>>> print(open('model.txt').read())   # compact mmCIF, N, CA and C atoms
# COMPACT_ATOMS: atom_id res chain seq x y z
N MET A 180 2.90 6.35 8.36
CA MET A 180 1.97 5.55 7.58
C MET A 180 2.45 4.11 7.60
N ARG A 181 1.50 3.24 7.46
CA ARG A 181 1.81 1.82 7.38
C ARG A 181 1.33 1.28 6.04
N ALA A 182 2.10 0.32 5.53
CA ALA A 182 1.71 -0.31 4.27
C ALA A 182 2.11 -1.77 4.28
N VAL A 183 1.30 -2.58 3.63
CA VAL A 183 1.64 -3.96 3.34
C VAL A 183 1.69 -4.06 1.82
N LEU A 184 2.85 -4.50 1.30
CA LEU A 184 3.04 -4.65 -0.13
C LEU A 184 3.01 -6.12 -0.48
N GLN A 185 2.32 -6.44 -1.54
CA GLN A 185 2.34 -7.80 -2.04
C GLN A 185 2.69 -7.74 -3.52
N ARG A 186 3.77 -8.44 -3.89
CA ARG A 186 4.11 -8.53 -5.30
C ARG A 186 3.09 -9.49 -5.92
N VAL A 187 2.43 -9.03 -6.98
CA VAL A 187 1.32 -9.80 -7.55
C VAL A 187 1.50 -10.03 -9.04
N SER A 188 0.90 -11.12 -9.51
CA SER A 188 0.76 -11.35 -10.94
C SER A 188 -0.42 -10.57 -11.48
N GLU A 189 -1.43 -10.40 -10.59
CA GLU A 189 -2.62 -9.62 -10.91
C GLU A 189 -3.35 -9.31 -9.62
N ALA A 190 -4.11 -8.23 -9.63
CA ALA A 190 -4.91 -7.86 -8.45
C ALA A 190 -6.07 -6.99 -8.91
N SER A 191 -7.16 -7.06 -8.15
CA SER A 191 -8.32 -6.23 -8.45
C SER A 191 -9.07 -5.94 -7.17
N VAL A 192 -9.87 -4.89 -7.23
CA VAL A 192 -10.73 -4.54 -6.10
C VAL A 192 -12.12 -4.25 -6.65
N ARG A 193 -13.11 -4.80 -5.95
CA ARG A 193 -14.52 -4.63 -6.33
C ARG A 193 -15.26 -3.92 -5.22
N VAL A 194 -16.22 -3.12 -5.62
CA VAL A 194 -17.15 -2.48 -4.69
C VAL A 194 -18.54 -2.72 -5.25
N GLY A 195 -19.39 -3.36 -4.47
CA GLY A 195 -20.73 -3.67 -4.93
C GLY A 195 -20.76 -4.52 -6.18
N GLY A 196 -19.77 -5.39 -6.34
CA GLY A 196 -19.70 -6.28 -7.48
C GLY A 196 -19.03 -5.69 -8.71
N ALA A 197 -18.78 -4.39 -8.72
CA ALA A 197 -18.14 -3.73 -9.87
C ALA A 197 -16.65 -3.54 -9.61
N VAL A 198 -15.84 -3.82 -10.62
CA VAL A 198 -14.40 -3.61 -10.50
C VAL A 198 -14.14 -2.11 -10.53
N VAL A 199 -13.43 -1.61 -9.48
CA VAL A 199 -13.09 -0.19 -9.42
C VAL A 199 -11.59 0.04 -9.64
N GLY A 200 -10.79 -1.02 -9.54
CA GLY A 200 -9.36 -0.95 -9.79
C GLY A 200 -8.82 -2.31 -10.13
N GLN A 201 -7.88 -2.36 -11.06
CA GLN A 201 -7.35 -3.65 -11.50
C GLN A 201 -5.98 -3.44 -12.13
N ILE A 202 -5.04 -4.35 -11.82
CA ILE A 202 -3.71 -4.31 -12.43
C ILE A 202 -3.29 -5.72 -12.83
N GLY A 203 -2.31 -5.80 -13.71
CA GLY A 203 -1.61 -7.04 -14.02
C GLY A 203 -0.44 -7.15 -13.06
N PRO A 204 0.73 -7.55 -13.54
CA PRO A 204 1.89 -7.67 -12.66
C PRO A 204 2.23 -6.34 -11.99
N GLY A 205 2.57 -6.41 -10.70
CA GLY A 205 2.93 -5.20 -9.97
C GLY A 205 2.81 -5.38 -8.49
N LEU A 206 2.32 -4.34 -7.83
CA LEU A 206 2.19 -4.34 -6.37
C LEU A 206 0.76 -4.05 -5.94
N LEU A 207 0.25 -4.85 -5.03
CA LEU A 207 -0.95 -4.51 -4.29
C LEU A 207 -0.44 -3.84 -3.03
N ILE A 208 -0.87 -2.61 -2.79
CA ILE A 208 -0.41 -1.86 -1.62
C ILE A 208 -1.61 -1.54 -0.74
N LEU A 209 -1.64 -2.14 0.44
CA LEU A 209 -2.64 -1.82 1.45
C LEU A 209 -2.01 -0.74 2.33
N VAL A 210 -2.69 0.40 2.49
CA VAL A 210 -2.07 1.54 3.16
C VAL A 210 -3.00 2.12 4.22
N CYS A 211 -2.39 2.59 5.32
CA CYS A 211 -3.13 3.17 6.44
C CYS A 211 -2.40 4.40 6.95
N ALA A 212 -3.13 5.50 7.04
CA ALA A 212 -2.58 6.71 7.68
C ALA A 212 -2.81 6.59 9.18
N MET A 213 -1.78 6.93 9.93
CA MET A 213 -1.83 6.85 11.38
C MET A 213 -2.01 8.25 11.97
N GLN A 214 -2.40 8.30 13.26
CA GLN A 214 -2.51 9.58 13.96
C GLN A 214 -1.21 10.37 13.76
N ASP A 215 -1.32 11.64 13.51
CA ASP A 215 -0.19 12.56 13.40
C ASP A 215 0.66 12.37 12.14
N ASP A 216 0.26 11.51 11.22
CA ASP A 216 0.98 11.42 9.95
C ASP A 216 0.75 12.69 9.14
N THR A 217 1.72 13.00 8.29
CA THR A 217 1.65 14.17 7.43
C THR A 217 1.97 13.77 6.00
N GLU A 218 1.93 14.76 5.11
CA GLU A 218 2.30 14.51 3.72
C GLU A 218 3.74 14.01 3.62
N ALA A 219 4.60 14.43 4.54
CA ALA A 219 6.00 13.99 4.51
C ALA A 219 6.12 12.48 4.63
N GLU A 220 5.32 11.87 5.52
CA GLU A 220 5.33 10.40 5.64
C GLU A 220 4.81 9.75 4.36
N ALA A 221 3.77 10.32 3.79
CA ALA A 221 3.21 9.77 2.54
C ALA A 221 4.23 9.85 1.42
N ASP A 222 4.92 10.98 1.31
CA ASP A 222 5.95 11.15 0.28
C ASP A 222 7.10 10.17 0.49
N ARG A 223 7.55 10.03 1.74
CA ARG A 223 8.66 9.13 2.05
C ARG A 223 8.28 7.67 1.75
N LEU A 224 7.05 7.31 2.10
CA LEU A 224 6.58 5.95 1.83
C LEU A 224 6.52 5.68 0.33
N ALA A 225 6.00 6.63 -0.43
CA ALA A 225 5.91 6.47 -1.89
C ALA A 225 7.30 6.32 -2.51
N ALA A 226 8.23 7.15 -2.08
CA ALA A 226 9.59 7.08 -2.62
C ALA A 226 10.24 5.74 -2.28
N LYS A 227 10.05 5.27 -1.06
CA LYS A 227 10.62 3.98 -0.63
C LYS A 227 10.06 2.84 -1.47
N ILE A 228 8.75 2.82 -1.63
CA ILE A 228 8.10 1.74 -2.38
C ILE A 228 8.52 1.76 -3.85
N ALA A 229 8.61 2.93 -4.45
CA ALA A 229 8.98 3.03 -5.86
C ALA A 229 10.38 2.49 -6.12
N LYS A 230 11.25 2.57 -5.13
CA LYS A 230 12.65 2.15 -5.29
C LYS A 230 12.93 0.76 -4.72
N LEU A 231 11.98 0.20 -3.99
CA LEU A 231 12.21 -1.08 -3.30
C LEU A 231 12.45 -2.20 -4.32
N ARG A 232 13.57 -2.87 -4.20
CA ARG A 232 13.96 -3.89 -5.18
C ARG A 232 13.42 -5.26 -4.76
N ILE A 233 12.19 -5.54 -5.20
CA ILE A 233 11.55 -6.81 -4.82
C ILE A 233 11.06 -7.58 -6.04
N PHE A 234 11.44 -7.14 -7.23
CA PHE A 234 11.10 -7.87 -8.46
C PHE A 234 12.35 -8.57 -8.98
N ARG A 235 12.14 -9.68 -9.65
CA ARG A 235 13.24 -10.52 -10.13
C ARG A 235 14.01 -9.86 -11.27
N ASP A 236 15.34 -10.05 -11.22
CA ASP A 236 16.18 -9.65 -12.35
C ASP A 236 16.37 -10.86 -13.27
N ALA A 237 17.24 -10.75 -14.25
CA ALA A 237 17.46 -11.83 -15.22
C ALA A 237 17.97 -13.11 -14.55
N GLU A 238 18.63 -12.99 -13.40
CA GLU A 238 19.14 -14.16 -12.67
C GLU A 238 18.14 -14.69 -11.66
N GLY A 239 16.97 -14.07 -11.58
CA GLY A 239 15.94 -14.54 -10.66
C GLY A 239 16.05 -13.97 -9.26
N ARG A 240 16.97 -13.03 -9.03
CA ARG A 240 17.14 -12.41 -7.72
C ARG A 240 16.25 -11.18 -7.59
N MET A 241 15.80 -10.89 -6.38
CA MET A 241 15.02 -9.67 -6.15
C MET A 241 15.98 -8.49 -6.21
N ASN A 242 16.01 -7.86 -7.37
CA ASN A 242 17.00 -6.82 -7.60
C ASN A 242 16.44 -5.66 -8.43
N ARG A 243 15.12 -5.68 -8.71
CA ARG A 243 14.52 -4.64 -9.54
C ARG A 243 13.31 -4.04 -8.83
N SER A 244 13.08 -2.77 -9.08
CA SER A 244 11.95 -2.08 -8.46
C SER A 244 10.72 -2.13 -9.36
N VAL A 245 9.59 -1.70 -8.82
CA VAL A 245 8.35 -1.64 -9.60
C VAL A 245 8.55 -0.72 -10.81
N ARG A 246 9.32 0.34 -10.65
CA ARG A 246 9.62 1.23 -11.79
C ARG A 246 10.51 0.53 -12.80
N ASP A 247 11.52 -0.21 -12.32
CA ASP A 247 12.46 -0.89 -13.22
C ASP A 247 11.75 -1.87 -14.15
N VAL A 248 10.69 -2.49 -13.66
CA VAL A 248 9.99 -3.51 -14.46
C VAL A 248 8.73 -2.94 -15.12
N SER A 249 8.54 -1.62 -15.01
CA SER A 249 7.39 -0.94 -15.62
C SER A 249 6.06 -1.56 -15.20
N ALA A 250 5.96 -1.86 -13.92
CA ALA A 250 4.73 -2.46 -13.39
C ALA A 250 3.87 -1.36 -12.75
N ALA A 251 2.68 -1.73 -12.34
CA ALA A 251 1.72 -0.80 -11.75
C ALA A 251 1.46 -1.17 -10.30
N ALA A 252 0.73 -0.29 -9.62
CA ALA A 252 0.33 -0.53 -8.24
C ALA A 252 -1.18 -0.39 -8.12
N LEU A 253 -1.77 -1.23 -7.30
CA LEU A 253 -3.16 -1.11 -6.90
C LEU A 253 -3.13 -0.70 -5.43
N VAL A 254 -3.56 0.53 -5.14
CA VAL A 254 -3.47 1.10 -3.79
C VAL A 254 -4.85 1.04 -3.14
N VAL A 255 -4.92 0.36 -1.99
CA VAL A 255 -6.18 0.15 -1.29
C VAL A 255 -6.04 0.65 0.14
N SER A 256 -6.94 1.53 0.56
CA SER A 256 -6.92 2.01 1.94
C SER A 256 -7.35 0.89 2.87
N GLN A 257 -6.66 0.77 4.00
CA GLN A 257 -7.00 -0.29 4.95
C GLN A 257 -6.67 0.16 6.36
N PHE A 258 -7.64 0.79 7.02
CA PHE A 258 -7.41 1.32 8.37
C PHE A 258 -7.12 0.21 9.38
N THR A 259 -7.46 -1.03 9.08
CA THR A 259 -7.21 -2.11 10.03
C THR A 259 -5.72 -2.38 10.23
N LEU A 260 -4.85 -1.79 9.40
CA LEU A 260 -3.41 -1.91 9.64
C LEU A 260 -3.01 -1.19 10.92
N ALA A 261 -3.89 -0.34 11.44
CA ALA A 261 -3.63 0.38 12.69
C ALA A 261 -4.07 -0.43 13.91
N ALA A 262 -4.50 -1.65 13.71
CA ALA A 262 -5.05 -2.45 14.81
C ALA A 262 -4.08 -2.59 15.98
N ASP A 263 -4.62 -2.37 17.17
CA ASP A 263 -3.90 -2.59 18.41
C ASP A 263 -4.54 -3.82 19.05
N THR A 264 -3.76 -4.89 19.15
CA THR A 264 -4.27 -6.15 19.69
C THR A 264 -3.66 -6.47 21.06
N ALA A 265 -3.07 -5.47 21.69
CA ALA A 265 -2.37 -5.70 22.95
C ALA A 265 -3.28 -6.14 24.08
N ARG A 266 -4.54 -5.66 24.08
CA ARG A 266 -5.45 -6.00 25.18
C ARG A 266 -6.70 -6.68 24.63
N GLY A 267 -7.08 -7.71 25.28
CA GLY A 267 -8.33 -8.38 24.94
C GLY A 267 -8.32 -9.04 23.58
N ASN A 268 -9.51 -9.35 23.10
CA ASN A 268 -9.66 -10.07 21.84
C ASN A 268 -10.26 -9.22 20.73
N ARG A 269 -10.61 -7.99 21.05
CA ARG A 269 -11.16 -7.10 20.03
C ARG A 269 -10.13 -6.02 19.73
N PRO A 270 -9.67 -5.92 18.46
CA PRO A 270 -8.66 -4.92 18.13
C PRO A 270 -9.20 -3.50 18.30
N GLY A 271 -8.32 -2.60 18.69
CA GLY A 271 -8.65 -1.18 18.76
C GLY A 271 -8.01 -0.46 17.58
N PHE A 272 -8.65 0.60 17.13
CA PHE A 272 -8.17 1.32 15.96
C PHE A 272 -7.93 2.80 16.23
N SER A 273 -7.76 3.17 17.49
CA SER A 273 -7.60 4.57 17.85
C SER A 273 -6.31 5.18 17.32
N GLN A 274 -5.35 4.36 16.89
CA GLN A 274 -4.10 4.89 16.34
C GLN A 274 -4.24 5.32 14.89
N ALA A 275 -5.34 4.93 14.24
CA ALA A 275 -5.56 5.32 12.84
C ALA A 275 -5.91 6.80 12.78
N ALA A 276 -5.56 7.43 11.69
CA ALA A 276 -5.94 8.83 11.48
C ALA A 276 -7.46 8.92 11.37
N PRO A 277 -8.06 10.04 11.75
CA PRO A 277 -9.50 10.22 11.55
C PRO A 277 -9.84 10.06 10.06
N PRO A 278 -11.06 9.62 9.75
CA PRO A 278 -11.41 9.32 8.35
C PRO A 278 -11.07 10.41 7.34
N GLU A 279 -11.39 11.67 7.63
CA GLU A 279 -11.12 12.73 6.65
C GLU A 279 -9.62 12.87 6.39
N GLU A 280 -8.83 12.81 7.46
CA GLU A 280 -7.38 12.91 7.33
C GLU A 280 -6.81 11.66 6.68
N GLY A 281 -7.36 10.50 7.02
CA GLY A 281 -6.92 9.25 6.40
C GLY A 281 -7.14 9.27 4.90
N GLU A 282 -8.30 9.74 4.48
CA GLU A 282 -8.58 9.80 3.04
C GLU A 282 -7.65 10.79 2.34
N ARG A 283 -7.45 11.95 2.96
CA ARG A 283 -6.57 12.96 2.35
C ARG A 283 -5.15 12.41 2.17
N LEU A 284 -4.63 11.72 3.20
CA LEU A 284 -3.27 11.18 3.11
C LEU A 284 -3.19 9.99 2.16
N TYR A 285 -4.24 9.18 2.10
CA TYR A 285 -4.31 8.07 1.15
C TYR A 285 -4.23 8.61 -0.28
N LEU A 286 -4.99 9.64 -0.57
CA LEU A 286 -4.98 10.23 -1.91
C LEU A 286 -3.63 10.90 -2.19
N HIS A 287 -3.06 11.55 -1.18
CA HIS A 287 -1.74 12.18 -1.35
C HIS A 287 -0.68 11.11 -1.63
N PHE A 288 -0.73 10.00 -0.88
CA PHE A 288 0.21 8.91 -1.12
C PHE A 288 0.10 8.38 -2.55
N THR A 289 -1.12 8.18 -3.03
CA THR A 289 -1.32 7.68 -4.39
C THR A 289 -0.73 8.64 -5.41
N GLU A 290 -0.97 9.94 -5.23
CA GLU A 290 -0.40 10.93 -6.15
C GLU A 290 1.12 10.97 -6.05
N ALA A 291 1.66 10.81 -4.85
CA ALA A 291 3.12 10.80 -4.67
C ALA A 291 3.73 9.58 -5.36
N LEU A 292 3.05 8.46 -5.33
CA LEU A 292 3.53 7.27 -6.03
C LEU A 292 3.48 7.48 -7.54
N ARG A 293 2.42 8.08 -8.03
CA ARG A 293 2.34 8.42 -9.46
C ARG A 293 3.47 9.37 -9.86
N ALA A 294 3.79 10.32 -8.98
CA ALA A 294 4.88 11.26 -9.25
C ALA A 294 6.23 10.54 -9.31
N GLN A 295 6.31 9.34 -8.73
CA GLN A 295 7.52 8.51 -8.78
C GLN A 295 7.50 7.61 -10.03
N ASP A 296 6.60 7.91 -10.97
CA ASP A 296 6.47 7.16 -12.23
C ASP A 296 5.97 5.73 -12.04
N VAL A 297 5.08 5.55 -11.06
CA VAL A 297 4.43 4.25 -10.85
C VAL A 297 2.95 4.43 -11.18
N PRO A 298 2.47 3.83 -12.26
CA PRO A 298 1.04 3.92 -12.57
C PRO A 298 0.22 3.29 -11.43
N CYS A 299 -0.88 3.96 -11.06
CA CYS A 299 -1.68 3.49 -9.92
C CYS A 299 -3.15 3.37 -10.27
N GLU A 300 -3.74 2.31 -9.79
CA GLU A 300 -5.17 2.13 -9.71
C GLU A 300 -5.49 2.20 -8.22
N THR A 301 -6.75 2.43 -7.88
CA THR A 301 -7.10 2.53 -6.46
C THR A 301 -8.38 1.77 -6.15
N GLY A 302 -8.55 1.56 -4.86
CA GLY A 302 -9.82 1.09 -4.34
C GLY A 302 -10.71 2.30 -4.11
N GLN A 303 -11.69 2.15 -3.25
CA GLN A 303 -12.62 3.24 -2.93
C GLN A 303 -12.60 3.43 -1.43
N PHE A 304 -12.12 4.57 -0.98
CA PHE A 304 -11.91 4.84 0.44
C PHE A 304 -13.21 4.61 1.23
N ALA A 305 -13.09 3.98 2.40
CA ALA A 305 -14.18 3.76 3.35
C ALA A 305 -15.32 2.94 2.78
N SER A 306 -15.03 2.12 1.79
CA SER A 306 -16.05 1.25 1.21
C SER A 306 -15.79 -0.19 1.61
N ASP A 307 -16.83 -0.99 1.53
CA ASP A 307 -16.69 -2.43 1.72
C ASP A 307 -16.15 -2.98 0.41
N MET A 308 -14.87 -3.35 0.41
CA MET A 308 -14.20 -3.78 -0.82
C MET A 308 -13.87 -5.26 -0.76
N GLN A 309 -13.89 -5.89 -1.92
CA GLN A 309 -13.43 -7.25 -2.06
C GLN A 309 -12.16 -7.18 -2.92
N VAL A 310 -11.06 -7.61 -2.33
CA VAL A 310 -9.77 -7.53 -3.01
C VAL A 310 -9.36 -8.93 -3.43
N GLY A 311 -9.03 -9.07 -4.69
CA GLY A 311 -8.55 -10.34 -5.22
C GLY A 311 -7.12 -10.17 -5.71
N LEU A 312 -6.29 -11.19 -5.49
CA LEU A 312 -4.90 -11.10 -5.93
C LEU A 312 -4.31 -12.48 -6.13
N VAL A 313 -3.29 -12.51 -6.96
CA VAL A 313 -2.43 -13.68 -7.08
C VAL A 313 -1.07 -13.21 -6.61
N ASN A 314 -0.68 -13.62 -5.40
CA ASN A 314 0.59 -13.22 -4.81
C ASN A 314 1.70 -13.93 -5.56
N ASP A 315 2.67 -13.18 -6.04
CA ASP A 315 3.78 -13.71 -6.83
C ASP A 315 4.98 -13.93 -5.93
N GLY A 316 5.34 -15.16 -5.70
CA GLY A 316 6.52 -15.46 -4.89
C GLY A 316 6.28 -16.54 -3.85
N PRO A 317 5.53 -16.31 -2.83
CA PRO A 317 4.88 -15.06 -2.44
C PRO A 317 5.90 -14.07 -1.87
N VAL A 318 5.66 -12.80 -2.17
CA VAL A 318 6.45 -11.72 -1.59
C VAL A 318 5.47 -10.76 -0.92
N THR A 319 5.60 -10.63 0.39
CA THR A 319 4.77 -9.72 1.18
C THR A 319 5.68 -8.99 2.15
N ILE A 320 5.62 -7.65 2.11
CA ILE A 320 6.51 -6.82 2.93
C ILE A 320 5.69 -5.77 3.65
N TRP A 321 6.01 -5.54 4.93
CA TRP A 321 5.34 -4.57 5.77
C TRP A 321 6.28 -3.40 6.00
N ILE A 322 5.77 -2.16 5.84
CA ILE A 322 6.57 -0.96 6.07
C ILE A 322 5.80 -0.02 6.98
N ASP A 323 6.48 0.51 7.99
CA ASP A 323 5.92 1.55 8.85
C ASP A 323 6.90 2.72 8.80
N THR A 324 6.45 3.89 8.36
CA THR A 324 7.36 5.02 8.21
C THR A 324 7.98 5.45 9.52
N ARG A 325 7.38 5.09 10.63
CA ARG A 325 7.95 5.44 11.94
C ARG A 325 9.13 4.54 12.29
N GLU A 326 9.26 3.43 11.56
CA GLU A 326 10.35 2.50 11.82
C GLU A 326 11.33 2.42 10.67
N ALA A 327 10.95 2.93 9.49
CA ALA A 327 11.80 2.81 8.29
C ALA A 327 12.80 3.95 8.21
>>> encode(input="model.txt", output="structure tokens")
Amino acid sequence: MRAVLQRVSEASVRVGGAVVGQIGPGLLILVCAMQDDTEAEADRLAAKIAKLRIFRDAEGRMNRSVRDVSAAALVVSQFTLAADTARGNRPGFSQAAPPEEGERLYLHFTEALRAQDVPCETGQFASDMQVGLVNDGPVTIWIDTREA
């Protein structure tokens, strides 16, 4: 699985003008299931993110996790993280999991993150979403379970 994490002061996602997910301080997590991913990758990704020390401690250093600071996550599916731009000018997405499998793993990842004591809001799978955020730092981190 692939994910882009952004430490945020606030984030929200809208579908058709209605807010479907919203958080204050925490993480906006854009996530994509790849071909051949399983629940094991989703679980490993959730555990890694829950423990990742990217929030400031009392000295201002990135030394605390999303759990340590009692923050939440807004999890948004984003198959475009599977983009292959190696040839031509139009990205290919054949490395992404098929939609049904992508949705199943996206939901599994969200539940695995909740099981790590991280409160989660979500977007709406396979919808045209408008995501708003205030990036804090800015801190943006990319994780691929095949490389982590």
>>> residues_around(input="model.txt", residues="Arg232 of chain A", least_positions_apart="2", cutoff="7 Å", atoms="all atoms listed in the file", output="ChimeraX atom specification")
/A:228-230,234-235,241-245
>>> select_by_dssp(input="model.txt", residues="chain A", states="helix (DSSP H, G or I)", output="ChimeraX atom specification")
/A:218-230,258-261,278-294
>>> write_last_selection(input="model.txt", atoms="N, CA and C atoms", output="short mmCIF file (atom, residue, chain, number, x, y, z; two decimals), in the frame of the given file")
data_model
loop_
_atom_site.label_atom_id
_atom_site.label_comp_id
_atom_site.auth_asym_id
_atom_site.auth_seq_id
_atom_site.Cartn_x
_atom_site.Cartn_y
_atom_site.Cartn_z
N GLU A 218 1.93 14.76 5.11
CA GLU A 218 2.30 14.51 3.72
C GLU A 218 3.74 14.01 3.62
N ALA A 219 4.60 14.43 4.54
CA ALA A 219 6.00 13.99 4.51
C ALA A 219 6.12 12.48 4.63
N GLU A 220 5.32 11.87 5.52
CA GLU A 220 5.33 10.40 5.64
C GLU A 220 4.81 9.75 4.36
N ALA A 221 3.77 10.32 3.79
CA ALA A 221 3.21 9.77 2.54
C ALA A 221 4.23 9.85 1.42
N ASP A 222 4.92 10.98 1.31
CA ASP A 222 5.95 11.15 0.28
C ASP A 222 7.10 10.17 0.49
N ARG A 223 7.55 10.03 1.74
CA ARG A 223 8.66 9.13 2.05
C ARG A 223 8.28 7.67 1.75
N LEU A 224 7.05 7.31 2.10
CA LEU A 224 6.58 5.95 1.83
C LEU A 224 6.52 5.68 0.33
N ALA A 225 6.00 6.63 -0.43
CA ALA A 225 5.91 6.47 -1.89
C ALA A 225 7.30 6.32 -2.51
N ALA A 226 8.23 7.15 -2.08
CA ALA A 226 9.59 7.08 -2.62
C ALA A 226 10.24 5.74 -2.28
N LYS A 227 10.05 5.27 -1.06
CA LYS A 227 10.62 3.98 -0.63
C LYS A 227 10.06 2.84 -1.47
N ILE A 228 8.75 2.82 -1.63
CA ILE A 228 8.10 1.74 -2.38
C ILE A 228 8.52 1.76 -3.85
N ALA A 229 8.61 2.93 -4.45
CA ALA A 229 8.98 3.03 -5.86
C ALA A 229 10.38 2.49 -6.12
N LYS A 230 11.25 2.57 -5.13
CA LYS A 230 12.65 2.15 -5.29
C LYS A 230 12.93 0.76 -4.72
N PHE A 258 -7.64 0.79 7.02
CA PHE A 258 -7.41 1.32 8.37
C PHE A 258 -7.12 0.21 9.38
N THR A 259 -7.46 -1.03 9.08
CA THR A 259 -7.21 -2.11 10.03
C THR A 259 -5.72 -2.38 10.23
N LEU A 260 -4.85 -1.79 9.40
CA LEU A 260 -3.41 -1.91 9.64
C LEU A 260 -3.01 -1.19 10.92
N ALA A 261 -3.89 -0.34 11.44
CA ALA A 261 -3.63 0.38 12.69
C ALA A 261 -4.07 -0.43 13.91
N PRO A 278 -11.06 9.62 9.75
CA PRO A 278 -11.41 9.32 8.35
C PRO A 278 -11.07 10.41 7.34
N GLU A 279 -11.39 11.67 7.63
CA GLU A 279 -11.12 12.73 6.65
C GLU A 279 -9.62 12.87 6.39
N GLU A 280 -8.83 12.81 7.46
CA GLU A 280 -7.38 12.91 7.33
C GLU A 280 -6.81 11.66 6.68
N GLY A 281 -7.36 10.50 7.02
CA GLY A 281 -6.92 9.25 6.40
C GLY A 281 -7.14 9.27 4.90
N GLU A 282 -8.30 9.74 4.48
CA GLU A 282 -8.58 9.80 3.04
C GLU A 282 -7.65 10.79 2.34
N ARG A 283 -7.45 11.95 2.96
CA ARG A 283 -6.57 12.96 2.35
C ARG A 283 -5.15 12.41 2.17
N LEU A 284 -4.63 11.72 3.20
CA LEU A 284 -3.27 11.18 3.11
C LEU A 284 -3.19 9.99 2.16
N TYR A 285 -4.24 9.18 2.10
CA TYR A 285 -4.31 8.07 1.15
C TYR A 285 -4.23 8.61 -0.28
N LEU A 286 -4.99 9.64 -0.57
CA LEU A 286 -4.98 10.23 -1.91
C LEU A 286 -3.63 10.90 -2.19
N HIS A 287 -3.06 11.55 -1.18
CA HIS A 287 -1.74 12.18 -1.35
C HIS A 287 -0.68 11.11 -1.63
N PHE A 288 -0.73 10.00 -0.88
CA PHE A 288 0.21 8.91 -1.12
C PHE A 288 0.10 8.38 -2.55
N THR A 289 -1.12 8.18 -3.03
CA THR A 289 -1.32 7.68 -4.39
C THR A 289 -0.73 8.64 -5.41
N GLU A 290 -0.97 9.94 -5.23
CA GLU A 290 -0.40 10.93 -6.15
C GLU A 290 1.12 10.97 -6.05
N ALA A 291 1.66 10.81 -4.85
CA ALA A 291 3.12 10.80 -4.67
C ALA A 291 3.73 9.58 -5.36
N LEU A 292 3.05 8.46 -5.33
CA LEU A 292 3.53 7.27 -6.03
C LEU A 292 3.48 7.48 -7.54
N ARG A 293 2.42 8.08 -8.03
CA ARG A 293 2.34 8.42 -9.46
C ARG A 293 3.47 9.37 -9.86
N ALA A 294 3.79 10.32 -8.98
CA ALA A 294 4.88 11.26 -9.25
C ALA A 294 6.23 10.54 -9.31
#
>>> atom_distance(input="model.txt", atom1="atom CA of Ile202 of chain A", atom2="atom CA of Val254 of chain A")
10.2 Å
>>> residues_around(input="model.txt", residues="Gln201 of chain A", least_positions_apart="5", cutoff="7 Å", atoms="only N, CA and C atoms", output="list of chain:residue names")
A:Glu189, A:Ala190, A:Ser191, A:Val192, A:Ala252, A:Leu253, A:Glu300, A:Thr301
>>> write_last_selection(input="model.txt", atoms="N, CA and C atoms", output="PDB file, in the frame of the given file")
ATOM      1  N   GLU A 189      -1.430 -10.400 -10.590  1.00  0.00           N
ATOM      2  CA  GLU A 189      -2.620  -9.620 -10.910  1.00  0.00           C
ATOM      3  C   GLU A 189      -3.350  -9.310  -9.620  1.00  0.00           C
ATOM      4  N   ALA A 190      -4.110  -8.230  -9.630  1.00  0.00           N
ATOM      5  CA  ALA A 190      -4.910  -7.860  -8.450  1.00  0.00           C
ATOM      6  C   ALA A 190      -6.070  -6.990  -8.910  1.00  0.00           C
ATOM      7  N   SER A 191      -7.160  -7.060  -8.150  1.00  0.00           N
ATOM      8  CA  SER A 191      -8.320  -6.230  -8.450  1.00  0.00           C
ATOM      9  C   SER A 191      -9.070  -5.940  -7.170  1.00  0.00           C
ATOM     10  N   VAL A 192      -9.870  -4.890  -7.230  1.00  0.00           N
ATOM     11  CA  VAL A 192     -10.730  -4.540  -6.100  1.00  0.00           C
ATOM     12  C   VAL A 192     -12.120  -4.250  -6.650  1.00  0.00           C
ATOM     13  N   ALA A 252       0.730  -0.290  -9.620  1.00  0.00           N
ATOM     14  CA  ALA A 252       0.330  -0.530  -8.240  1.00  0.00           C
ATOM     15  C   ALA A 252      -1.180  -0.390  -8.120  1.00  0.00           C
ATOM     16  N   LEU A 253      -1.770  -1.230  -7.300  1.00  0.00           N
ATOM     17  CA  LEU A 253      -3.160  -1.110  -6.900  1.00  0.00           C
ATOM     18  C   LEU A 253      -3.130  -0.700  -5.430  1.00  0.00           C
ATOM     19  N   GLU A 300      -3.740   2.310  -9.790  1.00  0.00           N
ATOM     20  CA  GLU A 300      -5.170   2.130  -9.710  1.00  0.00           C
ATOM     21  C   GLU A 300      -5.490   2.200  -8.220  1.00  0.00           C
ATOM     22  N   THR A 301      -6.750   2.430  -7.880  1.00  0.00           N
ATOM     23  CA  THR A 301      -7.100   2.530  -6.460  1.00  0.00           C
ATOM     24  C   THR A 301      -8.380   1.770  -6.150  1.00  0.00           C
TER      25      THR A 301
END
>>> select_by_dssp(input="model.txt", residues="segment 256-323 of chain A", states="strand (DSSP E or B)", output="JSON, numbers by chain")
{"A": [256, 263, 271, 275, 299, 300, 301, 308, 309, 310, 311, 312, 313, 314, 315, 316, 317, 318, 319, 320, 321, 322, 323]}
>>> residues_around(input="model.txt", residues="Cys299 of chain A", least_positions_apart="3", cutoff="10 Å", atoms="only C-alpha atoms", output="PyMOL selection string")
chain A and resi 200-202+205-208+250-254+289-290+292-293+296
>>> atom_distance(input="model.txt", atom1="atom CA of Asn314 of chain A", atom2="atom CA of Gly203 of chain A")
11.3 Å
